[in-house]
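With PDB, C-alpha atoms inside, this is target_32.pdb:
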```
ATOM      1  CA  MET A 256     -38.873 -13.644  -6.850  1.00  0.00           C
ATOM      2  CA  GLN A 257     -42.636 -13.957  -7.017  1.00  0.00           C
ATOM      3  CA  ILE A 258     -45.260 -11.272  -7.667  1.00  0.00           C
ATOM      4  CA  SER A 259     -48.710 -11.937  -6.188  1.00  0.00           C
ATOM      5  CA  LEU A 260     -51.914 -10.068  -5.481  1.00  0.00           C
ATOM      6  CA  ASP A 261     -51.791  -9.101  -1.825  1.00  0.00           C
ATOM      7  CA  ASP A 262     -53.467  -7.121   0.934  1.00  0.00           C
ATOM      8  CA  PRO A 263     -51.944  -3.674   1.555  1.00  0.00           C
ATOM      9  CA  ARG A 264     -52.981  -4.008   5.220  1.00  0.00           C
ATOM     10  CA  ARG A 265     -50.678  -6.972   5.981  1.00  0.00           C
ATOM     11  CA  ASP A 266     -48.191  -6.147   8.736  1.00  0.00           C
ATOM     12  CA  ASP A 267     -45.025  -6.240   6.631  1.00  0.00           C
ATOM     13  CA  VAL A 268     -46.733  -4.352   3.795  1.00  0.00           C
ATOM     14  CA  LEU A 269     -47.965  -1.710   6.258  1.00  0.00           C
ATOM     15  CA  ALA A 270     -44.369  -1.150   7.346  1.00  0.00           C
ATOM     16  CA  LEU A 271     -43.228  -0.738   3.723  1.00  0.00           C
ATOM     17  CA  LEU A 272     -46.094   1.630   2.905  1.00  0.00           C
ATOM     18  CA  THR A 273     -45.384   3.670   6.056  1.00  0.00           C
ATOM     19  CA  GLU A 274     -41.763   3.976   4.930  1.00  0.00           C
ATOM     20  CA  HIS A 275     -43.013   5.029   1.486  1.00  0.00           C
ATOM     21  CA  LEU A 276     -45.359   7.705   2.863  1.00  0.00           C
ATOM     22  CA  ASP A 277     -42.688   8.974   5.284  1.00  0.00           C
ATOM     23  CA  ASP A 278     -40.255   9.405   2.373  1.00  0.00           C
ATOM     24  CA  MET A 279     -42.875  11.155   0.262  1.00  0.00           C
ATOM     25  CA  TYR A 280     -43.579  13.702   3.017  1.00  0.00           C
ATOM     26  CA  ALA A 281     -39.848  14.138   3.693  1.00  0.00           C
ATOM     27  CA  THR A 282     -39.082  14.975   0.053  1.00  0.00           C
ATOM     28  CA  SER A 283     -42.196  16.799  -1.175  1.00  0.00           C
ATOM     29  CA  PRO A 284     -44.527  19.472   0.185  1.00  0.00           C
ATOM     30  CA  ALA A 285     -47.627  17.892   1.735  1.00  0.00           C
ATOM     31  CA  GLU A 286     -49.914  19.291  -0.975  1.00  0.00           C
ATOM     32  CA  SER A 287     -47.789  17.508  -3.596  1.00  0.00           C
ATOM     33  CA  VAL A 288     -47.916  14.048  -1.983  1.00  0.00           C
ATOM     34  CA  HIS A 289     -50.372  11.849  -3.893  1.00  0.00           C
ATOM     35  CA  ALA A 290     -49.488   8.475  -2.351  1.00  0.00           C
ATOM     36  CA  LEU A 291     -52.454   6.454  -1.115  1.00  0.00           C
ATOM     37  CA  ASP A 292     -52.817   5.036   2.364  1.00  0.00           C
ATOM     38  CA  PRO A 293     -53.304   1.253   2.838  1.00  0.00           C
ATOM     39  CA  ASP A 294     -57.101   1.489   3.122  1.00  0.00           C
ATOM     40  CA  ALA A 295     -57.300   3.450  -0.129  1.00  0.00           C
ATOM     41  CA  LEU A 296     -55.075   0.843  -1.805  1.00  0.00           C
ATOM     42  CA  ALA A 297     -57.583  -1.849  -0.767  1.00  0.00           C
ATOM     43  CA  ARG A 298     -60.482  -0.251  -2.670  1.00  0.00           C
ATOM     44  CA  PRO A 299     -62.122  -2.326  -5.434  1.00  0.00           C
ATOM     45  CA  GLU A 300     -60.829  -0.191  -8.329  1.00  0.00           C
ATOM     46  CA  ILE A 301     -57.238  -0.857  -7.231  1.00  0.00           C
ATOM     47  CA  SER A 302     -55.245  -4.070  -7.654  1.00  0.00           C
ATOM     48  CA  PHE A 303     -52.291  -4.372  -5.279  1.00  0.00           C
ATOM     49  CA  TRP A 304     -49.288  -6.684  -5.694  1.00  0.00           C
ATOM     50  CA  THR A 305     -46.229  -7.520  -3.656  1.00  0.00           C
ATOM     51  CA  LEU A 306     -42.949  -8.981  -4.825  1.00  0.00           C
ATOM     52  CA  ARG A 307     -41.444 -11.478  -2.392  1.00  0.00           C
ATOM     53  CA  GLU A 308     -38.446 -13.757  -2.255  1.00  0.00           C
ATOM     54  CA  ASP A 309     -38.639 -16.723   0.125  1.00  0.00           C
ATOM     55  CA  GLY A 310     -41.512 -14.919   1.862  1.00  0.00           C
ATOM     56  CA  ALA A 311     -39.542 -11.700   2.435  1.00  0.00           C
ATOM     57  CA  LEU A 312     -41.249  -8.569   1.113  1.00  0.00           C
ATOM     58  CA  LEU A 313     -39.067  -6.795  -1.457  1.00  0.00           C
ATOM     59  CA  GLY A 314     -41.545  -4.372  -3.006  1.00  0.00           C
ATOM     60  CA  CYS A 315     -45.088  -3.442  -3.902  1.00  0.00           C
ATOM     61  CA  ALA A 316     -47.093  -1.712  -6.602  1.00  0.00           C
ATOM     62  CA  ALA A 317     -50.709  -1.001  -7.442  1.00  0.00           C
ATOM     63  CA  LEU A 318     -52.826  -0.422 -10.519  1.00  0.00           C
ATOM     64  CA  LYS A 319     -55.830   1.907 -10.281  1.00  0.00           C
ATOM     65  CA  GLU A 320     -58.462   1.836 -12.996  1.00  0.00           C
ATOM     66  CA  LEU A 321     -59.342   5.406 -13.996  1.00  0.00           C
ATOM     67  CA  ASP A 322     -61.737   4.331 -16.759  1.00  0.00           C
ATOM     68  CA  PRO A 323     -62.034   1.269 -19.026  1.00  0.00           C
ATOM     69  CA  ALA A 324     -59.192   2.521 -21.252  1.00  0.00           C
ATOM     70  CA  HIS A 325     -56.858   4.169 -18.731  1.00  0.00           C
ATOM     71  CA  ALA A 326     -55.095   2.975 -15.577  1.00  0.00           C
ATOM     72  CA  GLU A 327     -52.683   4.606 -13.148  1.00  0.00           C
ATOM     73  CA  ILE A 328     -49.665   3.156 -11.364  1.00  0.00           C
ATOM     74  CA  LYS A 329     -49.785   3.828  -7.614  1.00  0.00           C
ATOM     75  CA  SER A 330     -47.511   3.132  -4.643  1.00  0.00           C
ATOM     76  CA  MET A 331     -44.653   1.450  -6.476  1.00  0.00           C
ATOM     77  CA  ARG A 332     -41.950   0.923  -3.868  1.00  0.00           C
ATOM     78  CA  SER A 333     -38.862  -1.222  -3.373  1.00  0.00           C
ATOM     79  CA  ALA A 334     -37.803  -2.035   0.178  1.00  0.00           C
ATOM     80  CA  ASN A 335     -34.590  -0.242   1.088  1.00  0.00           C
ATOM     81  CA  ALA A 336     -32.811  -3.584   1.578  1.00  0.00           C
ATOM     82  CA  ALA A 337     -33.871  -4.678  -1.928  1.00  0.00           C
ATOM     83  CA  ARG A 338     -32.639  -1.653  -3.876  1.00  0.00           C
ATOM     84  CA  ARG A 339     -30.583  -2.364  -7.000  1.00  0.00           C
ATOM     85  CA  ARG A 340     -31.917  -5.919  -7.239  1.00  0.00           C
ATOM     86  CA  GLY A 341     -34.324  -5.336 -10.127  1.00  0.00           C
ATOM     87  CA  VAL A 342     -37.439  -5.136  -7.958  1.00  0.00           C
ATOM     88  CA  GLY A 343     -38.707  -1.932  -9.599  1.00  0.00           C
ATOM     89  CA  VAL A 344     -38.169  -3.273 -13.119  1.00  0.00           C
ATOM     90  CA  ARG A 345     -39.999  -6.513 -12.333  1.00  0.00           C
ATOM     91  CA  LEU A 346     -42.925  -4.702 -10.746  1.00  0.00           C
ATOM     92  CA  LEU A 347     -43.182  -2.172 -13.581  1.00  0.00           C
ATOM     93  CA  ASP A 348     -43.032  -4.861 -16.257  1.00  0.00           C
ATOM     94  CA  HIS A 349     -45.737  -6.770 -14.380  1.00  0.00           C
ATOM     95  CA  LEU A 350     -48.005  -3.710 -14.209  1.00  0.00           C
ATOM     96  CA  VAL A 351     -47.553  -2.992 -17.917  1.00  0.00           C
ATOM     97  CA  ALA A 352     -48.342  -6.626 -18.787  1.00  0.00           C
ATOM     98  CA  VAL A 353     -51.480  -6.612 -16.601  1.00  0.00           C
ATOM     99  CA  ALA A 354     -52.594  -3.297 -18.107  1.00  0.00           C
ATOM    100  CA  ARG A 355     -52.254  -4.777 -21.592  1.00  0.00           C
ATOM    101  CA  GLU A 356     -54.112  -7.959 -20.573  1.00  0.00           C
ATOM    102  CA  ARG A 357     -56.953  -5.837 -19.209  1.00  0.00           C
ATOM    103  CA  GLY A 358     -57.173  -3.941 -22.483  1.00  0.00           C
ATOM    104  CA  TYR A 359     -56.154  -0.495 -21.264  1.00  0.00           C
ATOM    105  CA  ALA A 360     -54.985   1.802 -24.033  1.00  0.00           C
ATOM    106  CA  ARG A 361     -52.979   4.007 -21.693  1.00  0.00           C
ATOM    107  CA  LEU A 362     -51.057   3.635 -18.441  1.00  0.00           C
ATOM    108  CA  SER A 363     -50.080   6.768 -16.512  1.00  0.00           C
ATOM    109  CA  LEU A 364     -48.443   7.825 -13.274  1.00  0.00           C
ATOM    110  CA  GLU A 365     -47.469  10.788 -11.154  1.00  0.00           C
ATOM    111  CA  THR A 366     -44.061  11.002  -9.501  1.00  0.00           C
ATOM    112  CA  GLY A 367     -41.964  13.729  -7.983  1.00  0.00           C
ATOM    113  CA  THR A 368     -39.691  16.199  -9.722  1.00  0.00           C
ATOM    114  CA  GLU A 369     -37.139  16.308  -6.893  1.00  0.00           C
ATOM    115  CA  ASP A 370     -33.748  14.593  -7.334  1.00  0.00           C
ATOM    116  CA  TYR A 371     -34.919  11.861  -4.947  1.00  0.00           C
ATOM    117  CA  PHE A 372     -37.299  10.670  -7.688  1.00  0.00           C
ATOM    118  CA  LEU A 373     -34.720  10.630 -10.513  1.00  0.00           C
ATOM    119  CA  PRO A 374     -34.196   6.831 -10.327  1.00  0.00           C
ATOM    120  CA  ALA A 375     -37.960   6.309 -10.658  1.00  0.00           C
ATOM    121  CA  ARG A 376     -38.255   8.728 -13.587  1.00  0.00           C
ATOM    122  CA  THR A 377     -35.275   7.017 -15.251  1.00  0.00           C
ATOM    123  CA  LEU A 378     -36.881   3.589 -14.807  1.00  0.00           C
ATOM    124  CA  TYR A 379     -40.182   4.755 -16.295  1.00  0.00           C
ATOM    125  CA  GLY A 380     -38.391   6.405 -19.217  1.00  0.00           C
ATOM    126  CA  SER A 381     -36.478   3.174 -19.895  1.00  0.00           C
ATOM    127  CA  ARG A 382     -39.814   1.437 -20.407  1.00  0.00           C
ATOM    128  CA  GLY A 383     -41.201   4.018 -22.818  1.00  0.00           C
ATOM    129  CA  PHE A 384     -43.117   6.348 -20.500  1.00  0.00           C
ATOM    130  CA  VAL A 385     -43.108   9.952 -21.692  1.00  0.00           C
ATOM    131  CA  ALA A 386     -44.121  13.251 -20.120  1.00  0.00           C
ATOM    132  CA  CYS A 387     -47.802  14.140 -20.357  1.00  0.00           C
ATOM    133  CA  GLU A 388     -50.274  16.658 -19.047  1.00  0.00           C
ATOM    134  CA  PRO A 389     -51.932  16.053 -15.669  1.00  0.00           C
ATOM    135  CA  PHE A 390     -54.608  13.378 -15.912  1.00  0.00           C
ATOM    136  CA  ALA A 391     -57.591  12.283 -13.811  1.00  0.00           C
ATOM    137  CA  ASP A 392     -57.969  14.706 -10.871  1.00  0.00           C
ATOM    138  CA  TYR A 393     -54.379  15.981 -10.957  1.00  0.00           C
ATOM    139  CA  THR A 394     -53.507  19.603 -11.700  1.00  0.00           C
ATOM    140  CA  HIS A 395     -50.257  21.264 -12.723  1.00  0.00           C
ATOM    141  CA  ASP A 396     -47.790  21.165  -9.822  1.00  0.00           C
ATOM    142  CA  PRO A 397     -44.081  22.068 -10.018  1.00  0.00           C
ATOM    143  CA  ASN A 398     -43.370  19.118  -7.696  1.00  0.00           C
ATOM    144  CA  SER A 399     -45.137  16.549  -9.892  1.00  0.00           C
ATOM    145  CA  ALA A 400     -44.023  14.852 -13.076  1.00  0.00           C
ATOM    146  CA  PHE A 401     -46.784  13.173 -15.090  1.00  0.00           C
ATOM    147  CA  LEU A 402     -45.822  10.275 -17.353  1.00  0.00           C
ATOM    148  CA  THR A 403     -47.804   8.021 -19.650  1.00  0.00           C
ATOM    149  CA  LEU A 404     -47.362   4.988 -21.858  1.00  0.00           C
ATOM    150  CA  GLU A 405     -49.649   4.443 -24.842  1.00  0.00           C
ATOM    151  CA  LEU A 406     -50.083   0.697 -24.686  1.00  0.00           C
ATOM    152  CA  ALA A 407     -51.346   0.236 -28.233  1.00  0.00           C
ATOM    153  CA  ALA A 408     -48.227   1.999 -29.551  1.00  0.00           C
ATOM    154  CA  ALA A 409     -45.966   0.180 -27.095  1.00  0.00           C
ATOM    155  CA  SER A 410     -47.167  -3.239 -28.210  1.00  0.00           C
ATOM    156  CA  ALA A 411     -46.860  -2.469 -31.932  1.00  0.00           C
TER     157      ALA A 411
END
```
How does this structure look as structure tokens?
Amino acid sequence: MQISLDDPRRDDVLALLTEHLDDMYATSPAESVHALDPDALARPEISFWTLREDGALLGCAALKELDPAHAEIKSMRSANAARRRGVGVRLLDHLVAVARERGYARLSLETGTEDYFLPARTLYGSRGFVACEPFADYTHDPNSAFLTLELAAASA
């Protein structure tokens, strides 16, 4: 499996991101969906990666710089056919490593509180992410869980 910077507007990536957005709207009220569309994921403050095996797309994830010390994980998704193959773990570990290399002190994310999101929350917790208050432009929302990882503490 190989993780590479990629374009979120590639055809196979568009299909995966459409699946991701469809699932978000199917499981959460529209006002609680914070997933970005492909054009937003292509903005300069966002780095976007895909994980592929023999050219087949298995997953994607993005890192959005909030400020020089803080970044946010966006649009982390495993393809349905790639579930339970370690795609999420590999992508998350990659994002944490990149965040450390870039010198961020903190890495945060927003995910859902519904049961559908339990595997994601479990994965983040296994890597040291803990609950936090809303960050950036987020506000309290019963359908959102906010998690953060203090990178200085995590590397100590």
Expand the PyMOL selection byres ((chain A and resi 377) around 12) into the individual residues it matches in the shown file, reporting them as a PDB file with C-alpha atoms, keeping the file's coordinate frame.
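To be explicit, this is the file written out as out-v6.pdb:
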```pdb
ATOM      1  CA  GLY A 343     -38.707  -1.932  -9.599  1.00  0.00           C
ATOM      2  CA  VAL A 344     -38.169  -3.273 -13.119  1.00  0.00           C
ATOM      3  CA  THR A 366     -44.061  11.002  -9.501  1.00  0.00           C
ATOM      4  CA  GLY A 367     -41.964  13.729  -7.983  1.00  0.00           C
ATOM      5  CA  THR A 368     -39.691  16.199  -9.722  1.00  0.00           C
ATOM      6  CA  ASP A 370     -33.748  14.593  -7.334  1.00  0.00           C
ATOM      7  CA  TYR A 371     -34.919  11.861  -4.947  1.00  0.00           C
ATOM      8  CA  PHE A 372     -37.299  10.670  -7.688  1.00  0.00           C
ATOM      9  CA  LEU A 373     -34.720  10.630 -10.513  1.00  0.00           C
ATOM     10  CA  PRO A 374     -34.196   6.831 -10.327  1.00  0.00           C
ATOM     11  CA  ALA A 375     -37.960   6.309 -10.658  1.00  0.00           C
ATOM     12  CA  ARG A 376     -38.255   8.728 -13.587  1.00  0.00           C
ATOM     13  CA  LEU A 378     -36.881   3.589 -14.807  1.00  0.00           C
ATOM     14  CA  TYR A 379     -40.182   4.755 -16.295  1.00  0.00           C
ATOM     15  CA  GLY A 380     -38.391   6.405 -19.217  1.00  0.00           C
ATOM     16  CA  SER A 381     -36.478   3.174 -19.895  1.00  0.00           C
ATOM     17  CA  ARG A 382     -39.814   1.437 -20.407  1.00  0.00           C
ATOM     18  CA  GLY A 383     -41.201   4.018 -22.818  1.00  0.00           C
ATOM     19  CA  PHE A 384     -43.117   6.348 -20.500  1.00  0.00           C
ATOM     20  CA  VAL A 385     -43.108   9.952 -21.692  1.00  0.00           C
ATOM     21  CA  ALA A 386     -44.121  13.251 -20.120  1.00  0.00           C
ATOM     22  CA  ALA A 400     -44.023  14.852 -13.076  1.00  0.00           C
ATOM     23  CA  LEU A 402     -45.822  10.275 -17.353  1.00  0.00           C
TER      24      LEU A 402
END
```
Given the choices A:Val288, A:Ile301, A:Ala316, A:Leu362, which gets closest to Leu404 in chain A if the distance is worked out from only C-alpha atoms?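 Closest to Leu404 in chain A of all the choices is A:Leu362.
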Starting from the PyMOL selection byres ((chain A and resi 270) around 12), expand the selection into actual residues of this file and give them as a PyMOL selection string. chain A and resi 263-269+271-277+292-293+312-315+332+334-335
Would you put the residues from that selection into a file with C-alpha atoms, as a JSON list (two decimals), keeping the file's coordinate frame?
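What follows is the written file out_21.json:
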```json
[["chain", "number", "residue", "atom", "x", "y", "z"],
["A", 263, "PRO", "CA", -51.94, -3.67, 1.56],
["A", 264, "ARG", "CA", -52.98, -4.01, 5.22],
["A", 265, "ARG", "CA", -50.68, -6.97, 5.98],
["A", 266, "ASP", "CA", -48.19, -6.15, 8.74],
["A", 267, "ASP", "CA", -45.02, -6.24, 6.63],
["A", 268, "VAL", "CA", -46.73, -4.35, 3.80],
["A", 269, "LEU", "CA", -47.96, -1.71, 6.26],
["A", 271, "LEU", "CA", -43.23, -0.74, 3.72],
["A", 272, "LEU", "CA", -46.09, 1.63, 2.90],
["A", 273, "THR", "CA", -45.38, 3.67, 6.06],
["A", 274, "GLU", "CA", -41.76, 3.98, 4.93],
["A", 275, "HIS", "CA", -43.01, 5.03, 1.49],
["A", 276, "LEU", "CA", -45.36, 7.70, 2.86],
["A", 277, "ASP", "CA", -42.69, 8.97, 5.28],
["A", 292, "ASP", "CA", -52.82, 5.04, 2.36],
["A", 293, "PRO", "CA", -53.30, 1.25, 2.84],
["A", 312, "LEU", "CA", -41.25, -8.57, 1.11],
["A", 313, "LEU", "CA", -39.07, -6.80, -1.46],
["A", 314, "GLY", "CA", -41.54, -4.37, -3.01],
["A", 315, "CYS", "CA", -45.09, -3.44, -3.90],
["A", 332, "ARG", "CA", -41.95, 0.92, -3.87],
["A", 334, "ALA", "CA", -37.80, -2.04, 0.18],
["A", 335, "ASN", "CA", -34.59, -0.24, 1.09]]
```
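With distances restricted to all atoms listed in the file, A:Ile258 is the closest residue to Asp348 in chain A from A:Pro389, A:Ile258, A:Phe303, A:Ala281.
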So how many Å separate CA of Arg298 in chain A and CA of Lys329 in chain A, to one decimal?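 Between CA of Arg298 in chain A and CA of Lys329 in chain A the gap works out to 12.5 Å.
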In Å to one decimal, how far is CA of Ala326 in chain A from CA of Tyr393 in chain A?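 Between these atoms lies a distance of 13.8 Å.
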